[in-house]
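These notes concern the structure reproduced below.
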Amino acid sequence: MRCAKGIEARQVDELAINIDPIQVGGRLTDDAMNAVIAYGDGYSVCDNCRKPNRLDHISKPPIAEFHKDVAAWLNMDAVRTVPGARRGFQAVAHTYVQKGDPVLFTSLSHYTEFLAVEGAGGIACEIPANDQNKVTSDAAAFKIEEVKQQFGRAPVLAFIDHVDYQFGNMHDVKAIAKVCHQYDIPVLYNGAYTVGILPVNGRDLGVDFVVGSGHKSMAAPAPSGILATTTERAAEVFRTTAIIGDVTQRKFGIKEPDMMGCTLMGVTLIGMMASFPQVKERVKHFERELENNRIVVDGLLAVEGTKILSEMPRKHTLTRADTIGSFDKVAESHKKRGYYFSGALEEKGVTGVIPGATKIWKFNTYGMTQKQAVYLAEVFVEIARENGLAVKE
Ligand SMILES: *Cc1c(COP(=O)(O)O)cnc(C)c1O
């Protein structure tokens with residue numbers, strides 16, 4: 001089946017249980033799928049754009065209302081949509097970071113945060129995670145003092161990932177933000193793995209910015225995401241244009257330079273909006289997702305020699321496994337080497353594990369049914385038995 005000459009139709013989630021860490025929270029709802037077809041044309045949301053001409057003011061389709069709803073949902077004051085979480089980081093970095101400024105990250109921060117700061121000329125200062133791979137407020141305080149010693153001033157901005165992409169561990173953003181605020185450092189909450197997955201309350205966390213990824217965690221097409229902030233910070237990051245053309249004397253009204261005027265002008269925004277009612281509902285049931293994760297983790301741990309490198313009990317469905325003492329042992333002598341593992345998973349209808357990986361790898365159980373979780377746990381045990389590995393009863 002093809003969409004066009006040379007382009008195969010993609011049928012991954014239709015044909016297998018997908019456990020790819022970055023894909024499971026971004027799969028479209030049926031409503032988003034329909035919206036994508038209806039709003040596929042370029043600039044399709046602009047039919048009813050009226051003065052003062054800005055995306056977040058359009059009322060038909062209800063884009064303005066969506067912005068208000070997302071702000072209320074996150075308990076923040078103002079929201080803009082952005083082409084991916086990374087573009088949210090970029091807008092904030094561009095607003096607060098100047099050349100040579102120290103910026104706070106963690107040793108588990110995502111590369112897109114680094115690139116956003118690099119673009120603004122900032123310097124990366126990482127709060128080291130502890131031996132449990134957790135970032136603590138004590139470590140944050142220590143790092144800020146260290147930065148002050150070195151730079152003669154505190155960092156100008158902090159990027160804190162609530163759930164990191166490496167271990168799926170949950171870090172105490174609220175306590176870290178409190179420490180940062182003692183030094184007047186604005187805090188960006190990176191919710192790439194949380195906004196749209198579990199409840200997020202920006203005001204309660206005490207953060208200045210909440211960034212979410214539409215295509216990672218809000219069942220939306222790529223590239224999409226949200227940037228939410230407080231009224232105070234909105235005046236800074238969502239400031240309006242002041243530039244004037246010297247020949248024409250043109251001004252550009254209420255366009256926002258860090259949003260480049262308008263952001264998501266079609267299928268991405270409408271897709272995110274179409275999924276939003278279901279996304280709002282699904283975050284209330286995250287404990288079911290953790291229960292499914294537990295079933296799968298138990299299956300893996302039944303294979304002797306397997307370790308889970310993420311914190312236990314799990315607080316998120318993204319999980320890092322160490323199978324050096326189990327599945328990797330088979331790879332040493334298997335004729336397909338490490339590929340036997342991903343191959344066997346594929347044969348049993350499971351996709352999303354990096355082909356060839358048998359040492360340290362990640363999976364995400366988000367969005368599967370309990371029946372699928374039970375099946376997946378059995379699959380790991382079955383592959384172990386088929387390859388002569390010991391399984392605990
Ligand atoms: C995926 C991810 C990002 C990037 O998100 P985009 O929406 O693709 O820009 C940023 N931070 C973390 C922690 C992520 O996991």
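By order of appearance in the structure tokens: chains A, B, ..., then residues from 1 within every chain, and ligands from 1 in the order shown.
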
DSSP-assigned helix (DSSP H, G or I) among segment 187-297 of chain A, expressed as a PyMOL selection string: chain A and resi 202-205+214-217+231-237+257-259+267-297

Give me the residues of chain A that have any atom at most 8 Å from an atom of ligand 1; for each, the nearest atom pair and the distance in Å, rounded to one decimal. Use only C-alpha atoms and all ligand atoms, sort by chain and number, and format it as a tab-separated table.
residue	atom	partner	partner_atom_place_in_ligand_line	distance
A:Ile22	CA	ligand 1	1 (C)	6.5
A:Pro83	CA	ligand 1	7 (O)	7.2
A:Gly84	CA	ligand 1	7 (O)	3.5
A:Ala85	CA	ligand 1	7 (O)	3.7
A:Arg86	CA	ligand 1	9 (O)	3.7
A:Arg87	CA	ligand 1	9 (O)	6.5
A:Gly88	CA	ligand 1	9 (O)	7.9
A:Ser109	CA	ligand 1	13 (C)	6.4
A:His110	CA	ligand 1	11 (N)	4.8
A:Tyr111	CA	ligand 1	10 (C)	7.3
A:Thr112	CA	ligand 1	10 (C)	5.8
A:Glu113	CA	ligand 1	10 (C)	6.8
A:Asp161	CA	ligand 1	13 (C)	5.9
A:Val163	CA	ligand 1	13 (C)	6.9
A:Asp164	CA	ligand 1	13 (C)	5.3
A:Tyr165	CA	ligand 1	15 (O)	4.6
A:Asn190	CA	ligand 1	11 (N)	6.2
A:Gly191	CA	ligand 1	13 (C)	7.1
A:Ala192	CA	ligand 1	12 (C)	4.9
A:Tyr193	CA	ligand 1	15 (O)	5.8
A:Gly212	CA	ligand 1	7 (O)	6.9
A:Ser213	CA	ligand 1	7 (O)	4.0
A:Gly214	CA	ligand 1	7 (O)	6.3
A:His215	CA	ligand 1	7 (O)	6.2
A:Lys216	CA	ligand 1	7 (O)	6.1
A:Ala222	CA	ligand 1	7 (O)	7.8
A:Pro223	CA	ligand 1	7 (O)	6.7
A:Ser224	CA	ligand 1	7 (O)	6.4
A:Gly225	CA	ligand 1	7 (O)	5.8

Using only N, CA, C and O atoms, please write the residues we just selected to a file, as a CSV table (one decimal), in the first residue's frame.
chain,number,residue,atom,x,y,z
A,22,ILE,N,9.8,7.5,22.3
A,22,ILE,CA,9.4,8.8,21.9
A,22,ILE,C,8.1,8.8,21.2
A,22,ILE,O,7.5,9.9,20.9
A,83,PRO,N,6.2,25.1,17.5
A,83,PRO,CA,6.6,23.9,16.7
A,83,PRO,C,7.5,23.0,17.4
A,83,PRO,O,8.7,22.9,17.0
A,84,GLY,N,7.1,22.4,18.5
A,84,GLY,CA,7.9,21.5,19.3
A,84,GLY,C,8.4,22.1,20.5
A,84,GLY,O,8.5,23.3,20.6
A,85,ALA,N,8.6,21.3,21.6
A,85,ALA,CA,9.1,21.8,22.8
A,85,ALA,C,10.3,22.6,22.6
A,85,ALA,O,10.5,23.7,23.2
A,86,ARG,N,11.2,22.2,21.7
A,86,ARG,CA,12.5,22.8,21.5
A,86,ARG,C,12.3,24.3,21.1
A,86,ARG,O,13.1,25.1,21.4
A,87,ARG,N,11.2,24.6,20.4
A,87,ARG,CA,11.0,26.0,20.0
A,87,ARG,C,10.5,26.8,21.1
A,87,ARG,O,10.7,28.0,21.2
A,88,GLY,N,9.9,26.1,22.1
A,88,GLY,CA,9.5,26.8,23.4
A,88,GLY,C,10.8,27.2,24.1
A,88,GLY,O,10.9,28.3,24.6
A,109,SER,N,19.6,16.7,31.3
A,109,SER,CA,18.8,17.6,30.4
A,109,SER,C,18.9,17.1,28.9
A,109,SER,O,19.9,16.5,28.5
A,110,HIS,N,17.9,17.4,28.2
A,110,HIS,CA,17.8,17.0,26.8
A,110,HIS,C,18.6,17.9,25.9
A,110,HIS,O,18.8,19.1,26.2
A,111,TYR,N,19.1,17.4,24.8
A,111,TYR,CA,20.0,18.2,24.0
A,111,TYR,C,19.4,19.4,23.4
A,111,TYR,O,20.1,20.4,23.1
A,112,THR,N,18.1,19.4,23.2
A,112,THR,CA,17.4,20.5,22.6
A,112,THR,C,17.5,21.8,23.5
A,112,THR,O,17.4,22.9,23.0
A,113,GLU,N,17.6,21.5,24.8
A,113,GLU,CA,17.7,22.6,25.8
A,113,GLU,C,19.1,23.3,25.6
A,113,GLU,O,19.2,24.5,25.6
A,161,ASP,N,13.9,19.3,33.8
A,161,ASP,CA,13.1,18.3,33.2
A,161,ASP,C,12.4,17.5,34.4
A,161,ASP,O,13.0,17.0,35.3
A,163,VAL,N,10.4,14.8,34.1
A,163,VAL,CA,10.8,13.4,33.9
A,163,VAL,C,11.9,13.4,32.8
A,163,VAL,O,11.6,14.0,31.7
A,164,ASP,N,13.0,12.9,33.1
A,164,ASP,CA,14.1,12.9,32.2
A,164,ASP,C,14.0,11.9,31.1
A,164,ASP,O,13.3,10.8,31.3
A,165,TYR,N,14.6,12.1,30.0
A,165,TYR,CA,14.5,11.2,28.8
A,165,TYR,C,15.4,10.0,28.9
A,165,TYR,O,15.2,9.0,28.2
A,190,ASN,N,10.4,21.5,31.9
A,190,ASN,CA,10.4,20.8,30.7
A,190,ASN,C,9.4,19.6,30.9
A,190,ASN,O,9.7,18.6,31.6
A,191,GLY,N,8.2,19.7,30.3
A,191,GLY,CA,7.2,18.7,30.4
A,191,GLY,C,7.1,17.9,29.2
A,191,GLY,O,6.0,17.4,28.9
A,192,ALA,N,8.2,17.7,28.4
A,192,ALA,CA,8.1,16.9,27.2
A,192,ALA,C,7.5,15.5,27.4
A,192,ALA,O,6.8,15.0,26.6
A,193,TYR,N,7.8,14.9,28.6
A,193,TYR,CA,7.3,13.6,28.9
A,193,TYR,C,6.1,13.6,29.9
A,193,TYR,O,5.7,12.6,30.4
A,212,GLY,N,5.5,21.9,26.8
A,212,GLY,CA,5.0,20.6,26.5
A,212,GLY,C,5.3,20.3,25.0
A,212,GLY,O,5.4,21.2,24.2
A,213,SER,N,5.3,19.0,24.7
A,213,SER,CA,5.5,18.5,23.3
A,213,SER,C,4.3,17.9,22.8
A,213,SER,O,3.8,16.9,23.3
A,214,GLY,N,3.7,18.5,21.7
A,214,GLY,CA,2.5,17.9,21.2
A,214,GLY,C,2.7,16.6,20.6
A,214,GLY,O,2.0,15.6,20.8
A,215,HIS,N,3.8,16.4,19.8
A,215,HIS,CA,4.0,15.1,19.1
A,215,HIS,C,4.7,14.1,20.0
A,215,HIS,O,4.7,12.9,19.7
A,216,LYS,N,5.2,14.5,21.2
A,216,LYS,CA,5.7,13.4,22.1
A,216,LYS,C,4.6,13.0,23.1
A,216,LYS,O,4.5,11.8,23.4
A,222,ALA,N,3.5,16.3,14.4
A,222,ALA,CA,4.7,17.0,14.5
A,222,ALA,C,4.8,18.0,13.4
A,222,ALA,O,4.4,17.8,12.3
A,223,PRO,N,5.5,19.2,13.7
A,223,PRO,CA,6.0,19.6,15.0
A,223,PRO,C,5.0,20.4,15.8
A,223,PRO,O,4.5,21.4,15.2
A,224,SER,N,4.8,20.1,17.0
A,224,SER,CA,3.8,20.9,17.8
A,224,SER,C,4.2,20.8,19.3
A,224,SER,O,4.9,19.9,19.7
A,225,GLY,N,3.7,21.8,20.0
A,225,GLY,CA,4.0,21.9,21.4
A,225,GLY,C,3.4,23.1,22.0
A,225,GLY,O,2.7,23.9,21.3

Could I get the residues of segment 77-112 of chain A with an atom no further than 7 Å from an atom of segment 140-159 of chain A, each paired with its nearest atom pair and that distance in Å to one decimal, using only C-alpha atoms, sorted by chain and residue number, as JSON lines?
{"residue": "A:Tyr96", "atom": "CA", "partner": "A:Val156", "partner_atom": "CA", "distance": 6.7}
{"residue": "A:Val97", "atom": "CA", "partner": "A:Val156", "partner_atom": "CA", "distance": 6.6}
{"residue": "A:Asp101", "atom": "CA", "partner": "A:Val156", "partner_atom": "CA", "distance": 6.6}
{"residue": "A:Pro102", "atom": "CA", "partner": "A:Pro155", "partner_atom": "CA", "distance": 4.7}
{"residue": "A:Val103", "atom": "CA", "partner": "A:Pro155", "partner_atom": "CA", "distance": 4.9}
{"residue": "A:Leu104", "atom": "CA", "partner": "A:Ala158", "partner_atom": "CA", "distance": 4.4}
{"residue": "A:Phe105", "atom": "CA", "partner": "A:Phe159", "partner_atom": "CA", "distance": 5.1}

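If only C-alpha atoms are the atoms counted, then among A:Leu15, A:Lys329, A:Thr240, A:Val296 the closest residue to Cys262 of chain A is A:Thr240.
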
Compile the contact shell of Gly349 of chain A as a PDB file with all heavy atoms, in the first residue's frame: residues with an atom at most 12 Å away, counting only C-alpha atoms, same-chain residues fewer than 4 positions apart removed.
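around-v9.pdb was written with the following content:
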ATOM      1  N   VAL A  12       2.631   1.025  11.532  1.00  0.00           N
ATOM      2  CA  VAL A  12       3.441   0.522  12.641  1.00  0.00           C
ATOM      3  C   VAL A  12       2.548   0.207  13.829  1.00  0.00           C
ATOM      4  O   VAL A  12       2.495  -0.926  14.306  1.00  0.00           O
ATOM      5  CB  VAL A  12       4.546   1.543  13.014  1.00  0.00           C
ATOM      6  CG1 VAL A  12       5.283   1.114  14.279  1.00  0.00           C
ATOM      7  CG2 VAL A  12       5.522   1.694  11.845  1.00  0.00           C
ATOM      8  N   ASP A  13       1.815   1.200  14.281  1.00  0.00           N
ATOM      9  CA  ASP A  13       0.975   0.997  15.473  1.00  0.00           C
ATOM     10  C   ASP A  13      -0.268   0.181  15.161  1.00  0.00           C
ATOM     11  O   ASP A  13      -0.901  -0.353  16.063  1.00  0.00           O
ATOM     12  CB  ASP A  13       0.629   2.362  16.069  1.00  0.00           C
ATOM     13  CG  ASP A  13       1.890   3.051  16.564  1.00  0.00           C
ATOM     14  OD1 ASP A  13       2.266   2.819  17.721  1.00  0.00           O
ATOM     15  OD2 ASP A  13       2.528   3.773  15.776  1.00  0.00           O
ATOM     16  N   GLU A  14      -0.604   0.090  13.872  1.00  0.00           N
ATOM     17  CA  GLU A  14      -1.745  -0.736  13.469  1.00  0.00           C
ATOM     18  C   GLU A  14      -1.397  -2.216  13.549  1.00  0.00           C
ATOM     19  O   GLU A  14      -2.259  -3.050  13.786  1.00  0.00           O
ATOM     20  CB  GLU A  14      -2.154  -0.411  12.017  1.00  0.00           C
ATOM     21  CG  GLU A  14      -2.788   0.949  11.820  1.00  0.00           C
ATOM     22  CD  GLU A  14      -1.775   2.088  11.727  1.00  0.00           C
ATOM     23  OE1 GLU A  14      -0.574   1.861  11.941  1.00  0.00           O
ATOM     24  OE2 GLU A  14      -2.201   3.226  11.447  1.00  0.00           O
ATOM     25  N   LEU A  15      -0.127  -2.552  13.327  1.00  0.00           N
ATOM     26  CA  LEU A  15       0.261  -3.956  13.169  1.00  0.00           C
ATOM     27  C   LEU A  15       1.040  -4.534  14.344  1.00  0.00           C
ATOM     28  O   LEU A  15       1.290  -5.735  14.372  1.00  0.00           O
ATOM     29  CB  LEU A  15       1.099  -4.109  11.880  1.00  0.00           C
ATOM     30  CG  LEU A  15       0.402  -3.708  10.572  1.00  0.00           C
ATOM     31  CD1 LEU A  15       1.336  -3.875   9.388  1.00  0.00           C
ATOM     32  CD2 LEU A  15      -0.866  -4.531  10.357  1.00  0.00           C
ATOM     33  N   ALA A  16       1.470  -3.691  15.264  1.00  0.00           N
ATOM     34  CA  ALA A  16       2.301  -4.210  16.358  1.00  0.00           C
ATOM     35  C   ALA A  16       2.065  -3.416  17.640  1.00  0.00           C
ATOM     36  O   ALA A  16       1.477  -2.342  17.618  1.00  0.00           O
ATOM     37  CB  ALA A  16       3.774  -4.125  15.965  1.00  0.00           C
ATOM     38  N   ILE A  17       2.568  -3.982  18.731  1.00  0.00           N
ATOM     39  CA  ILE A  17       2.590  -3.247  19.995  1.00  0.00           C
ATOM     40  C   ILE A  17       3.861  -2.415  19.960  1.00  0.00           C
ATOM     41  O   ILE A  17       4.968  -2.951  19.911  1.00  0.00           O
ATOM     42  CB  ILE A  17       2.600  -4.211  21.201  1.00  0.00           C
ATOM     43  CG1 ILE A  17       1.323  -5.059  21.212  1.00  0.00           C
ATOM     44  CG2 ILE A  17       2.762  -3.439  22.505  1.00  0.00           C
ATOM     45  CD1 ILE A  17       1.333  -6.167  22.267  1.00  0.00           C
ATOM     46  N   ASN A  18       3.701  -1.104  19.944  1.00  0.00           N
ATOM     47  CA  ASN A  18       4.856  -0.201  19.831  1.00  0.00           C
ATOM     48  C   ASN A  18       5.301   0.229  21.229  1.00  0.00           C
ATOM     49  O   ASN A  18       4.489   0.716  22.015  1.00  0.00           O
ATOM     50  CB  ASN A  18       4.447   1.011  18.980  1.00  0.00           C
ATOM     51  CG  ASN A  18       5.630   1.883  18.602  1.00  0.00           C
ATOM     52  OD1 ASN A  18       6.765   1.617  19.009  1.00  0.00           O
ATOM     53  ND2 ASN A  18       5.363   2.916  17.816  1.00  0.00           N
ATOM     54  N   ILE A  19       6.595   0.048  21.522  1.00  0.00           N
ATOM     55  CA  ILE A  19       7.114   0.498  22.821  1.00  0.00           C
ATOM     56  C   ILE A  19       8.253   1.498  22.635  1.00  0.00           C
ATOM     57  O   ILE A  19       9.102   1.668  23.500  1.00  0.00           O
ATOM     58  CB  ILE A  19       7.545  -0.694  23.720  1.00  0.00           C
ATOM     59  CG1 ILE A  19       8.541  -1.608  23.009  1.00  0.00           C
ATOM     60  CG2 ILE A  19       6.325  -1.467  24.184  1.00  0.00           C
ATOM     61  CD1 ILE A  19       9.123  -2.710  23.933  1.00  0.00           C
ATOM     62  N   SER A 342      15.731  -7.928  18.960  1.00  0.00           N
ATOM     63  CA  SER A 342      14.725  -7.092  18.288  1.00  0.00           C
ATOM     64  C   SER A 342      13.976  -7.917  17.239  1.00  0.00           C
ATOM     65  O   SER A 342      12.774  -7.725  17.032  1.00  0.00           O
ATOM     66  CB  SER A 342      15.367  -5.861  17.664  1.00  0.00           C
ATOM     67  OG  SER A 342      16.523  -6.194  16.942  1.00  0.00           O
ATOM     68  N   GLY A 343      14.703  -8.854  16.596  1.00  0.00           N
ATOM     69  CA  GLY A 343      14.071  -9.719  15.593  1.00  0.00           C
ATOM     70  C   GLY A 343      12.982 -10.576  16.208  1.00  0.00           C
ATOM     71  O   GLY A 343      11.875 -10.684  15.655  1.00  0.00           O
ATOM     72  N   ALA A 344      13.290 -11.178  17.360  1.00  0.00           N
ATOM     73  CA  ALA A 344      12.300 -12.037  18.029  1.00  0.00           C
ATOM     74  C   ALA A 344      11.105 -11.210  18.492  1.00  0.00           C
ATOM     75  O   ALA A 344       9.952 -11.639  18.388  1.00  0.00           O
ATOM     76  CB  ALA A 344      12.950 -12.744  19.221  1.00  0.00           C
ATOM     77  N   LEU A 345      11.387  -9.997  18.983  1.00  0.00           N
ATOM     78  CA  LEU A 345      10.284  -9.121  19.412  1.00  0.00           C
ATOM     79  C   LEU A 345       9.375  -8.811  18.228  1.00  0.00           C
ATOM     80  O   LEU A 345       8.146  -8.925  18.319  1.00  0.00           O
ATOM     81  CB  LEU A 345      10.838  -7.826  20.017  1.00  0.00           C
ATOM     82  CG  LEU A 345      11.443  -7.937  21.428  1.00  0.00           C
ATOM     83  CD1 LEU A 345      12.211  -6.671  21.793  1.00  0.00           C
ATOM     84  CD2 LEU A 345      10.347  -8.192  22.466  1.00  0.00           C
ATOM     85  N   VAL A 353      11.962  -1.329  19.834  1.00  0.00           N
ATOM     86  CA  VAL A 353      13.249  -1.496  20.525  1.00  0.00           C
ATOM     87  C   VAL A 353      14.346  -1.334  19.461  1.00  0.00           C
ATOM     88  O   VAL A 353      14.229  -1.892  18.368  1.00  0.00           O
ATOM     89  CB  VAL A 353      13.348  -2.882  21.208  1.00  0.00           C
ATOM     90  CG1 VAL A 353      14.756  -3.130  21.756  1.00  0.00           C
ATOM     91  CG2 VAL A 353      12.322  -2.973  22.329  1.00  0.00           C
ATOM     92  N   GLN A 372      -2.377  -6.239  26.487  1.00  0.00           N
ATOM     93  CA  GLN A 372      -1.115  -6.109  25.756  1.00  0.00           C
ATOM     94  C   GLN A 372       0.076  -6.135  26.714  1.00  0.00           C
ATOM     95  O   GLN A 372       1.130  -6.690  26.394  1.00  0.00           O
ATOM     96  CB  GLN A 372      -1.117  -4.820  24.926  1.00  0.00           C
ATOM     97  CG  GLN A 372      -2.044  -4.904  23.720  1.00  0.00           C
ATOM     98  CD  GLN A 372      -2.178  -3.566  23.000  1.00  0.00           C
ATOM     99  OE1 GLN A 372      -2.162  -2.497  23.614  1.00  0.00           O
ATOM    100  NE2 GLN A 372      -2.316  -3.623  21.682  1.00  0.00           N
ATOM    101  N   TYR A 375       0.663  -9.677  27.683  1.00  0.00           N
ATOM    102  CA  TYR A 375       1.269 -10.359  26.533  1.00  0.00           C
ATOM    103  C   TYR A 375       2.750  -9.993  26.393  1.00  0.00           C
ATOM    104  O   TYR A 375       3.603 -10.869  26.212  1.00  0.00           O
ATOM    105  CB  TYR A 375       0.501 -10.000  25.253  1.00  0.00           C
ATOM    106  CG  TYR A 375       1.173 -10.513  23.996  1.00  0.00           C
ATOM    107  CD1 TYR A 375       1.105 -11.862  23.652  1.00  0.00           C
ATOM    108  CD2 TYR A 375       1.893  -9.648  23.173  1.00  0.00           C
ATOM    109  CE1 TYR A 375       1.736 -12.342  22.510  1.00  0.00           C
ATOM    110  CE2 TYR A 375       2.526 -10.119  22.036  1.00  0.00           C
ATOM    111  CZ  TYR A 375       2.444 -11.464  21.705  1.00  0.00           C
ATOM    112  OH  TYR A 375       3.081 -11.931  20.591  1.00  0.00           O
ATOM    113  N   LEU A 376       3.056  -8.692  26.519  1.00  0.00           N
ATOM    114  CA  LEU A 376       4.439  -8.230  26.366  1.00  0.00           C
ATOM    115  C   LEU A 376       5.340  -8.855  27.439  1.00  0.00           C
ATOM    116  O   LEU A 376       6.467  -9.283  27.147  1.00  0.00           O
ATOM    117  CB  LEU A 376       4.488  -6.701  26.424  1.00  0.00           C
ATOM    118  CG  LEU A 376       5.855  -6.048  26.286  1.00  0.00           C
ATOM    119  CD1 LEU A 376       6.560  -6.481  24.997  1.00  0.00           C
ATOM    120  CD2 LEU A 376       5.710  -4.521  26.309  1.00  0.00           C
ATOM    121  N   VAL A 379       6.073 -12.238  26.386  1.00  0.00           N
ATOM    122  CA  VAL A 379       6.999 -12.257  25.244  1.00  0.00           C
ATOM    123  C   VAL A 379       8.450 -12.215  25.730  1.00  0.00           C
ATOM    124  O   VAL A 379       9.294 -12.980  25.246  1.00  0.00           O
ATOM    125  CB  VAL A 379       6.692 -11.090  24.272  1.00  0.00           C
ATOM    126  CG1 VAL A 379       7.883 -10.805  23.357  1.00  0.00           C
ATOM    127  CG2 VAL A 379       5.462 -11.407  23.436  1.00  0.00           C
ATOM    128  N   PHE A 380       8.743 -11.342  26.688  1.00  0.00           N
ATOM    129  CA  PHE A 380      10.119 -11.263  27.200  1.00  0.00           C
ATOM    130  C   PHE A 380      10.546 -12.601  27.823  1.00  0.00           C
ATOM    131  O   PHE A 380      11.656 -13.085  27.592  1.00  0.00           O
ATOM    132  CB  PHE A 380      10.250 -10.126  28.224  1.00  0.00           C
ATOM    133  CG  PHE A 380      10.237  -8.750  27.603  1.00  0.00           C
ATOM    134  CD1 PHE A 380       9.389  -7.759  28.083  1.00  0.00           C
ATOM    135  CD2 PHE A 380      11.082  -8.434  26.538  1.00  0.00           C
ATOM    136  CE1 PHE A 380       9.369  -6.486  27.521  1.00  0.00           C
ATOM    137  CE2 PHE A 380      11.076  -7.161  25.963  1.00  0.00           C
ATOM    138  CZ  PHE A 380      10.213  -6.185  26.455  1.00  0.00           C
TER     139      PHE A 380
END

Please provide as a PyMOL selection string all residues within 12 Å of Ala91 of chain A, with the sequence filter that same-chain residues fewer than 6 positions apart are discarded (counting only C-alpha atoms). chain A and resi 80-85+97+113+115-117+119-120+188+209+211+226-229+233-234+236-239+256-260+263

Between atom CA of Ser137 of chain A and atom CA of Asp204 of chain A, distance in Å (one decimal): 16.3 Å

I'd like the contact shell of segment 28-44 of chain A - 12 Å cut-off, only C-alpha atoms, skipping same-chain residues fewer than 3 positions apart - returned as a ChimeraX atom specification. /A:13-14,23-25,47-49,55,58,60-61,214-222,262-279,282,367

Quick one: residues within 6 Å of Asn364 of chain A, only C-alpha atoms counted, chain neighbours fewer than 5 positions away excluded, as number ranges by chain? A: 19, 21, 317-318

How would the residues just picked look written out with C-alpha atoms as a tab-separated table (two decimals), in the first residue's frame?
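Listing of result08.tsv after writing:
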chain	number	residue	atom	x	y	z
A	19	ILE	CA	7.11	0.50	22.82
A	21	PRO	CA	10.01	5.69	24.02
A	317	THR	CA	6.16	4.53	31.88
A	318	LEU	CA	9.47	5.37	30.16

Strand (DSSP E or B) residues, from DSSP on the backbone, in segment 160-372 of chain A, as a ChimeraX atom specification: /A:160-161,163,170,187-190,195,198,209-213,225-229,303,307-308,318-322,350-351,360-364

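Counting from atom CA of Gly305 of chain A, the distance to atom CA of Arg288 of chain A is 27.5 Å.
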
Surrounding residues of Ala175 of chain A excluding itself and chain neighbours under 5 positions, 9 Å, only C-alpha atoms, as a ChimeraX atom specification: /A:136-138,180,205-206

Would you mind reading off the distance between atom CA of Val187 of chain A and atom CA of Val135 of chain A, one decimal, in Å? 14.7 Å
